[in-house]
>>> print(open('start_22.txt').read())   # compact mmCIF, C-alpha atoms
# COMPACT_ATOMS: atom_id res chain seq x y z
CA MET A 193 14.46 1.08 -8.39
CA ASP A 194 14.37 -2.61 -7.60
CA LYS A 195 11.32 -3.34 -5.43
CA SER A 196 13.12 -6.20 -3.70
CA THR A 197 15.63 -3.77 -2.16
CA ALA A 198 12.90 -1.47 -0.82
CA ILE A 199 10.63 -4.25 0.48
CA PRO A 200 12.00 -7.30 2.31
CA ARG A 201 11.86 -10.33 0.02
CA ASN A 202 9.56 -12.33 2.29
CA LEU A 203 7.01 -9.51 2.40
CA LEU A 204 7.34 -8.84 -1.32
CA PHE A 205 6.58 -12.50 -2.05
CA MET A 206 3.58 -12.49 0.31
CA ALA A 207 2.24 -9.22 -1.07
CA LYS A 208 2.40 -10.54 -4.63
CA ARG A 209 0.62 -13.76 -3.61
CA LEU A 210 -2.16 -11.86 -1.86
CA ASN A 211 -2.62 -9.62 -4.90
CA PRO A 212 -2.20 -11.95 -7.91
CA PHE A 213 -3.95 -9.60 -10.35
CA ALA A 214 -2.10 -6.43 -9.33
CA THR A 215 1.29 -5.29 -10.62
CA PHE A 216 3.71 -2.69 -9.34
CA PRO A 217 3.34 0.57 -11.25
CA ASN A 218 6.20 1.96 -13.31
CA THR A 219 4.81 5.50 -13.49
CA PRO A 220 3.33 7.82 -10.85
CA GLY A 221 -0.43 7.61 -10.48
CA GLU A 222 -3.49 7.78 -8.30
CA GLY A 223 -6.52 5.67 -7.61
CA VAL A 224 -9.05 4.17 -5.23
CA VAL A 225 -8.10 1.41 -2.79
CA LYS A 226 -9.87 -1.90 -3.39
CA SER A 227 -8.15 -3.89 -0.63
CA SER A 228 -5.33 -3.31 1.80
CA TYR A 229 -3.42 -4.97 4.61
CA PHE A 230 -0.46 -4.61 6.94
CA LEU A 231 2.52 -6.97 6.90
CA ARG A 232 5.35 -6.95 9.45
CA ASP A 233 8.88 -8.16 8.91
CA VAL A 234 9.72 -9.55 12.36
CA ASP A 235 13.46 -9.71 11.67
CA LEU A 236 13.67 -6.03 10.74
CA ASP A 237 10.67 -5.00 12.87
CA ASP A 238 9.30 -2.98 9.94
CA LEU A 239 5.58 -2.64 9.33
CA PHE A 240 4.47 -2.26 5.72
CA TYR A 241 1.09 -1.16 4.44
CA PHE A 242 0.14 -2.67 1.07
CA ALA A 243 -2.87 -1.65 -1.00
CA THR A 244 -4.38 -2.82 -4.23
CA VAL A 245 -5.66 0.22 -6.05
CA LYS A 246 -7.68 0.71 -9.19
CA SER A 247 -6.04 3.47 -11.17
CA HIS A 248 -7.75 5.92 -13.48
CA ASP A 249 -6.37 3.87 -16.38
CA GLY A 250 -8.44 0.89 -15.18
CA ASN A 251 -5.45 -1.23 -14.08
CA LEU A 252 -4.89 -2.75 -10.63
CA TYR A 253 -1.63 -1.77 -8.97
CA LEU A 254 0.09 -2.91 -5.80
CA ILE A 255 1.44 0.04 -3.81
CA TYR A 256 3.10 0.24 -0.41
CA HIS A 257 4.33 2.38 2.44
CA ILE A 258 6.52 1.75 5.49
CA VAL A 259 4.53 2.67 8.61
CA GLU A 260 6.54 4.52 11.24
CA THR A 261 6.23 3.12 14.77
CA PRO A 262 4.69 6.20 16.45
CA LEU A 263 1.92 6.29 13.83
CA VAL A 264 0.95 2.61 13.88
CA ASP A 265 -2.11 2.97 16.12
CA SER A 266 -3.56 6.11 14.54
CA ILE A 267 -3.00 5.10 10.92
CA THR A 268 -4.36 1.59 11.29
CA ASN A 269 -7.55 2.89 12.93
CA ILE A 270 -8.12 5.45 10.18
CA VAL A 271 -7.46 2.98 7.39
CA LEU A 272 -9.53 0.17 8.88
CA GLN A 273 -12.52 2.40 9.65
CA SER A 274 -12.60 4.28 6.33
CA PRO A 275 -14.95 2.99 3.65
CA PHE A 276 -13.16 5.06 0.99
CA LEU A 277 -9.40 5.53 0.50
CA PHE A 278 -7.72 7.46 -2.30
CA MET A 279 -3.94 7.16 -2.83
CA LYS A 280 -1.22 8.79 -4.92
CA TRP A 281 2.06 6.98 -5.56
CA ASN A 282 5.40 7.45 -7.27
CA GLU A 283 6.94 5.41 -10.09
CA THR A 284 8.10 2.68 -7.67
CA GLY A 285 4.68 2.21 -6.06
CA LYS A 286 5.53 4.01 -2.83
CA ILE A 287 2.54 5.90 -1.43
CA LEU A 288 3.11 9.65 -1.37
CA GLU A 289 -0.32 11.00 -0.37
CA TRP A 290 -3.61 9.55 0.76
CA ALA A 291 -7.09 10.64 1.73
CA ALA A 292 -9.66 8.74 3.79
CA GLY A 293 -13.41 9.24 3.44
CA GLN A 294 -15.64 8.92 6.49
CA PRO A 295 -19.44 8.66 6.57
CA LYS A 296 -21.24 11.44 8.43
>>> encode(input="start_22.txt", output="structure tokens")
Amino acid sequence: MDKSTAIPRNLLFMAKRLNPFATFPNTPGEGVVKSSYFLRDVDLDDLFYFATVKSHDGNLYLIYHIVETPLVDSITNIVLQSPFLFMKWNETGKILEWAAGQPK
């Protein structure tokens, strides 16, 4: 799959600039989030979540997910307030599953 068709070109360019040491994965994987951010395409009104993750193989990967409008408030609060995030992704870098750790 061509990443540029799944992610708007302007956001893809910005995501790559903000994560110069991370690459898109070409195989499914899992890892711990090192940094993350939300980017919105105002023309399409799509909100994307990007994360730089450190995989079990020691590499840094850039992964993403399109955030659905009804979930914007709840997901952003969970992600921003969680000191630990673990993600699983497919071969294109799209996030399939995630877990957030919270201090007690």
>>> axis_aligned_box(input="start_22.txt", around="region 211-226 of chain A", padding_each_side="6 Å", output="AutoDock Vina command-line options")
--center_x -1.8 --center_y -2.1 --center_z -8.1 --size_x 28.1 --size_y 31.8 --size_z 22.7
>>> closest_residue(input="start_22.txt", among="A:Leu272, A:Ala198, A:Val224, A:Ala207", to="Asp249 (chain A)", atoms="all atoms listed in the file")
A:Val224
>>> closest_residue(input="start_22.txt", among="A:Asp235, A:Glu260, A:Glu222, A:Glu289", to="Asn202 (chain A)", atoms="all atoms listed in the file")
A:Asp235
>>> atom_distance(input="start_22.txt", atom1="CA of Asp237 (chain A)", atom2="CA of Phe216 (chain A)")
23.4 Å
>>> closest_residue(input="start_22.txt", among="A:Tyr256, A:Pro220, A:Leu231, A:Leu236", to="Glu283 (chain A)", atoms="only C-alpha atoms")
A:Pro220
>>> atom_distance(input="start_22.txt", atom1="CA of Ala292 (chain A)", atom2="CA of Asn218 (chain A)")
24.3 Å
>>> residues_around(input="start_22.txt", residues="Lys246 (chain A)", least_positions_apart="4", cutoff="12 Å", atoms="only C-alpha atoms", output="compact mmCIF listing (two decimals) with C-alpha atoms, in the coordinates of the input")
# COMPACT_ATOMS: atom_id res chain seq x y z
CA PHE A 213 -3.95 -9.60 -10.35
CA ALA A 214 -2.10 -6.43 -9.33
CA THR A 215 1.29 -5.29 -10.62
CA PHE A 216 3.71 -2.69 -9.34
CA PRO A 217 3.34 0.57 -11.25
CA GLY A 221 -0.43 7.61 -10.48
CA GLU A 222 -3.49 7.78 -8.30
CA GLY A 223 -6.52 5.67 -7.61
CA VAL A 224 -9.05 4.17 -5.23
CA VAL A 225 -8.10 1.41 -2.79
CA LYS A 226 -9.87 -1.90 -3.39
CA SER A 227 -8.15 -3.89 -0.63
CA SER A 228 -5.33 -3.31 1.80
CA GLY A 250 -8.44 0.89 -15.18
CA ASN A 251 -5.45 -1.23 -14.08
CA LEU A 252 -4.89 -2.75 -10.63
CA TYR A 253 -1.63 -1.77 -8.97
CA LEU A 254 0.09 -2.91 -5.80
CA ILE A 255 1.44 0.04 -3.81
CA LEU A 277 -9.40 5.53 0.50
CA PHE A 278 -7.72 7.46 -2.30
CA MET A 279 -3.94 7.16 -2.83
CA LYS A 280 -1.22 8.79 -4.92
>>> closest_residue(input="start_22.txt", among="A:Ala291, A:Thr219, A:Ile258, A:Leu210", to="Asp238 (chain A)", atoms="all atoms listed in the file")
A:Ile258
>>> residues_around(input="start_22.txt", residues="Phe230 (chain A)", least_positions_apart="3", cutoff="10 Å", atoms="all atoms listed in the file", output="ChimeraX atom specification")
/A:207,239-243,256-259,268
>>> residues_around(input="start_22.txt", residues="Leu203 (chain A)", least_positions_apart="2", cutoff="9 Å", atoms="all atoms listed in the file", output="ChimeraX atom specification")
/A:199-201,205-208,231-233,240
>>> atom_distance(input="start_22.txt", atom1="CA of Pro212 (chain A)", atom2="CA of Val271 (chain A)")
22.0 Å
>>> residues_near_point(input="start_22.txt", point="(-15.2, 9.4, 9.0)", cutoff="10 Å", atoms="all atoms listed in the file", output="ChimeraX atom specification")
/A:270,273-276,292-296
>>> build_atoms(input="start_22.txt", residues="region 198-227 of chain A", atoms="N, CA and C atoms", output="PDB file, in the frame of the given file")
ATOM      1  N   ALA A 198      13.688  -2.366  -1.646  1.00  0.00           N
ATOM      2  CA  ALA A 198      12.900  -1.470  -0.820  1.00  0.00           C
ATOM      3  C   ALA A 198      11.985  -2.251   0.135  1.00  0.00           C
ATOM      4  N   ILE A 199      11.535  -3.413  -0.308  1.00  0.00           N
ATOM      5  CA  ILE A 199      10.630  -4.250   0.480  1.00  0.00           C
ATOM      6  C   ILE A 199      11.348  -5.556   0.770  1.00  0.00           C
ATOM      7  N   PRO A 200      11.360  -6.006   2.026  1.00  0.00           N
ATOM      8  CA  PRO A 200      12.000  -7.300   2.310  1.00  0.00           C
ATOM      9  C   PRO A 200      11.413  -8.397   1.427  1.00  0.00           C
ATOM     10  N   ARG A 201      12.269  -9.289   0.969  1.00  0.00           N
ATOM     11  CA  ARG A 201      11.860 -10.330   0.020  1.00  0.00           C
ATOM     12  C   ARG A 201      10.678 -11.161   0.503  1.00  0.00           C
ATOM     13  N   ASN A 202      10.664 -11.513   1.786  1.00  0.00           N
ATOM     14  CA  ASN A 202       9.560 -12.330   2.290  1.00  0.00           C
ATOM     15  C   ASN A 202       8.225 -11.585   2.214  1.00  0.00           C
ATOM     16  N   LEU A 203       8.238 -10.294   2.483  1.00  0.00           N
ATOM     17  CA  LEU A 203       7.010  -9.510   2.400  1.00  0.00           C
ATOM     18  C   LEU A 203       6.621  -9.249   0.945  1.00  0.00           C
ATOM     19  N   LEU A 204       7.604  -9.039   0.097  1.00  0.00           N
ATOM     20  CA  LEU A 204       7.340  -8.840  -1.320  1.00  0.00           C
ATOM     21  C   LEU A 204       6.661 -10.072  -1.909  1.00  0.00           C
ATOM     22  N   PHE A 205       7.161 -11.242  -1.571  1.00  0.00           N
ATOM     23  CA  PHE A 205       6.580 -12.500  -2.050  1.00  0.00           C
ATOM     24  C   PHE A 205       5.142 -12.652  -1.553  1.00  0.00           C
ATOM     25  N   MET A 206       4.919 -12.376  -0.262  1.00  0.00           N
ATOM     26  CA  MET A 206       3.580 -12.490   0.310  1.00  0.00           C
ATOM     27  C   MET A 206       2.626 -11.477  -0.306  1.00  0.00           C
ATOM     28  N   ALA A 207       3.085 -10.262  -0.488  1.00  0.00           N
ATOM     29  CA  ALA A 207       2.240  -9.220  -1.070  1.00  0.00           C
ATOM     30  C   ALA A 207       1.816  -9.581  -2.486  1.00  0.00           C
ATOM     31  N   LYS A 208       2.726 -10.133  -3.259  1.00  0.00           N
ATOM     32  CA  LYS A 208       2.400 -10.540  -4.630  1.00  0.00           C
ATOM     33  C   LYS A 208       1.423 -11.712  -4.634  1.00  0.00           C
ATOM     34  N   ARG A 209       1.554 -12.620  -3.685  1.00  0.00           N
ATOM     35  CA  ARG A 209       0.620 -13.760  -3.610  1.00  0.00           C
ATOM     36  C   ARG A 209      -0.766 -13.328  -3.189  1.00  0.00           C
ATOM     37  N   LEU A 210      -0.862 -12.341  -2.314  1.00  0.00           N
ATOM     38  CA  LEU A 210      -2.160 -11.860  -1.860  1.00  0.00           C
ATOM     39  C   LEU A 210      -2.852 -10.976  -2.891  1.00  0.00           C
ATOM     40  N   ASN A 211      -2.095 -10.484  -3.844  1.00  0.00           N
ATOM     41  CA  ASN A 211      -2.620  -9.620  -4.900  1.00  0.00           C
ATOM     42  C   ASN A 211      -2.201 -10.158  -6.269  1.00  0.00           C
ATOM     43  N   PRO A 212      -2.691 -11.340  -6.668  1.00  0.00           N
ATOM     44  CA  PRO A 212      -2.200 -11.950  -7.910  1.00  0.00           C
ATOM     45  C   PRO A 212      -2.542 -11.180  -9.183  1.00  0.00           C
ATOM     46  N   PHE A 213      -3.551 -10.323  -9.149  1.00  0.00           N
ATOM     47  CA  PHE A 213      -3.950  -9.600 -10.350  1.00  0.00           C
ATOM     48  C   PHE A 213      -3.395  -8.176 -10.405  1.00  0.00           C
ATOM     49  N   ALA A 214      -2.654  -7.780  -9.389  1.00  0.00           N
ATOM     50  CA  ALA A 214      -2.100  -6.430  -9.330  1.00  0.00           C
ATOM     51  C   ALA A 214      -0.605  -6.480  -9.672  1.00  0.00           C
ATOM     52  N   THR A 215      -0.122  -5.418 -10.305  1.00  0.00           N
ATOM     53  CA  THR A 215       1.290  -5.290 -10.620  1.00  0.00           C
ATOM     54  C   THR A 215       1.821  -3.997  -9.998  1.00  0.00           C
ATOM     55  N   PHE A 216       3.124  -3.937  -9.812  1.00  0.00           N
ATOM     56  CA  PHE A 216       3.710  -2.690  -9.340  1.00  0.00           C
ATOM     57  C   PHE A 216       3.673  -1.687 -10.489  1.00  0.00           C
ATOM     58  N   PRO A 217       3.354  -0.436 -10.194  1.00  0.00           N
ATOM     59  CA  PRO A 217       3.340   0.570 -11.250  1.00  0.00           C
ATOM     60  C   PRO A 217       4.762   0.932 -11.673  1.00  0.00           C
ATOM     61  N   ASN A 218       4.892   1.461 -12.877  1.00  0.00           N
ATOM     62  CA  ASN A 218       6.200   1.960 -13.310  1.00  0.00           C
ATOM     63  C   ASN A 218       6.136   3.453 -13.629  1.00  0.00           C
ATOM     64  N   THR A 219       4.976   4.061 -13.352  1.00  0.00           N
ATOM     65  CA  THR A 219       4.810   5.500 -13.490  1.00  0.00           C
ATOM     66  C   THR A 219       4.008   6.006 -12.292  1.00  0.00           C
ATOM     67  N   PRO A 220       4.144   7.272 -11.938  1.00  0.00           N
ATOM     68  CA  PRO A 220       3.330   7.820 -10.850  1.00  0.00           C
ATOM     69  C   PRO A 220       1.850   7.740 -11.228  1.00  0.00           C
ATOM     70  N   GLY A 221       1.002   7.668 -10.210  1.00  0.00           N
ATOM     71  CA  GLY A 221      -0.430   7.610 -10.480  1.00  0.00           C
ATOM     72  C   GLY A 221      -1.256   7.850  -9.244  1.00  0.00           C
ATOM     73  N   GLU A 222      -2.554   7.631  -9.402  1.00  0.00           N
ATOM     74  CA  GLU A 222      -3.490   7.780  -8.300  1.00  0.00           C
ATOM     75  C   GLU A 222      -4.684   6.884  -8.553  1.00  0.00           C
ATOM     76  N   GLY A 223      -5.363   6.532  -7.461  1.00  0.00           N
ATOM     77  CA  GLY A 223      -6.520   5.670  -7.610  1.00  0.00           C
ATOM     78  C   GLY A 223      -7.190   5.362  -6.287  1.00  0.00           C
ATOM     79  N   VAL A 224      -8.224   4.541  -6.378  1.00  0.00           N
ATOM     80  CA  VAL A 224      -9.050   4.170  -5.230  1.00  0.00           C
ATOM     81  C   VAL A 224      -8.621   2.796  -4.721  1.00  0.00           C
ATOM     82  N   VAL A 225      -8.506   2.662  -3.400  1.00  0.00           N
ATOM     83  CA  VAL A 225      -8.100   1.410  -2.790  1.00  0.00           C
ATOM     84  C   VAL A 225      -9.241   0.400  -2.839  1.00  0.00           C
ATOM     85  N   LYS A 226      -8.916  -0.794  -3.335  1.00  0.00           N
ATOM     86  CA  LYS A 226      -9.870  -1.900  -3.390  1.00  0.00           C
ATOM     87  C   LYS A 226      -9.682  -2.843  -2.212  1.00  0.00           C
ATOM     88  N   SER A 227      -8.450  -3.062  -1.799  1.00  0.00           N
ATOM     89  CA  SER A 227      -8.150  -3.890  -0.630  1.00  0.00           C
ATOM     90  C   SER A 227      -6.803  -3.447  -0.078  1.00  0.00           C
TER      91      SER A 227
END
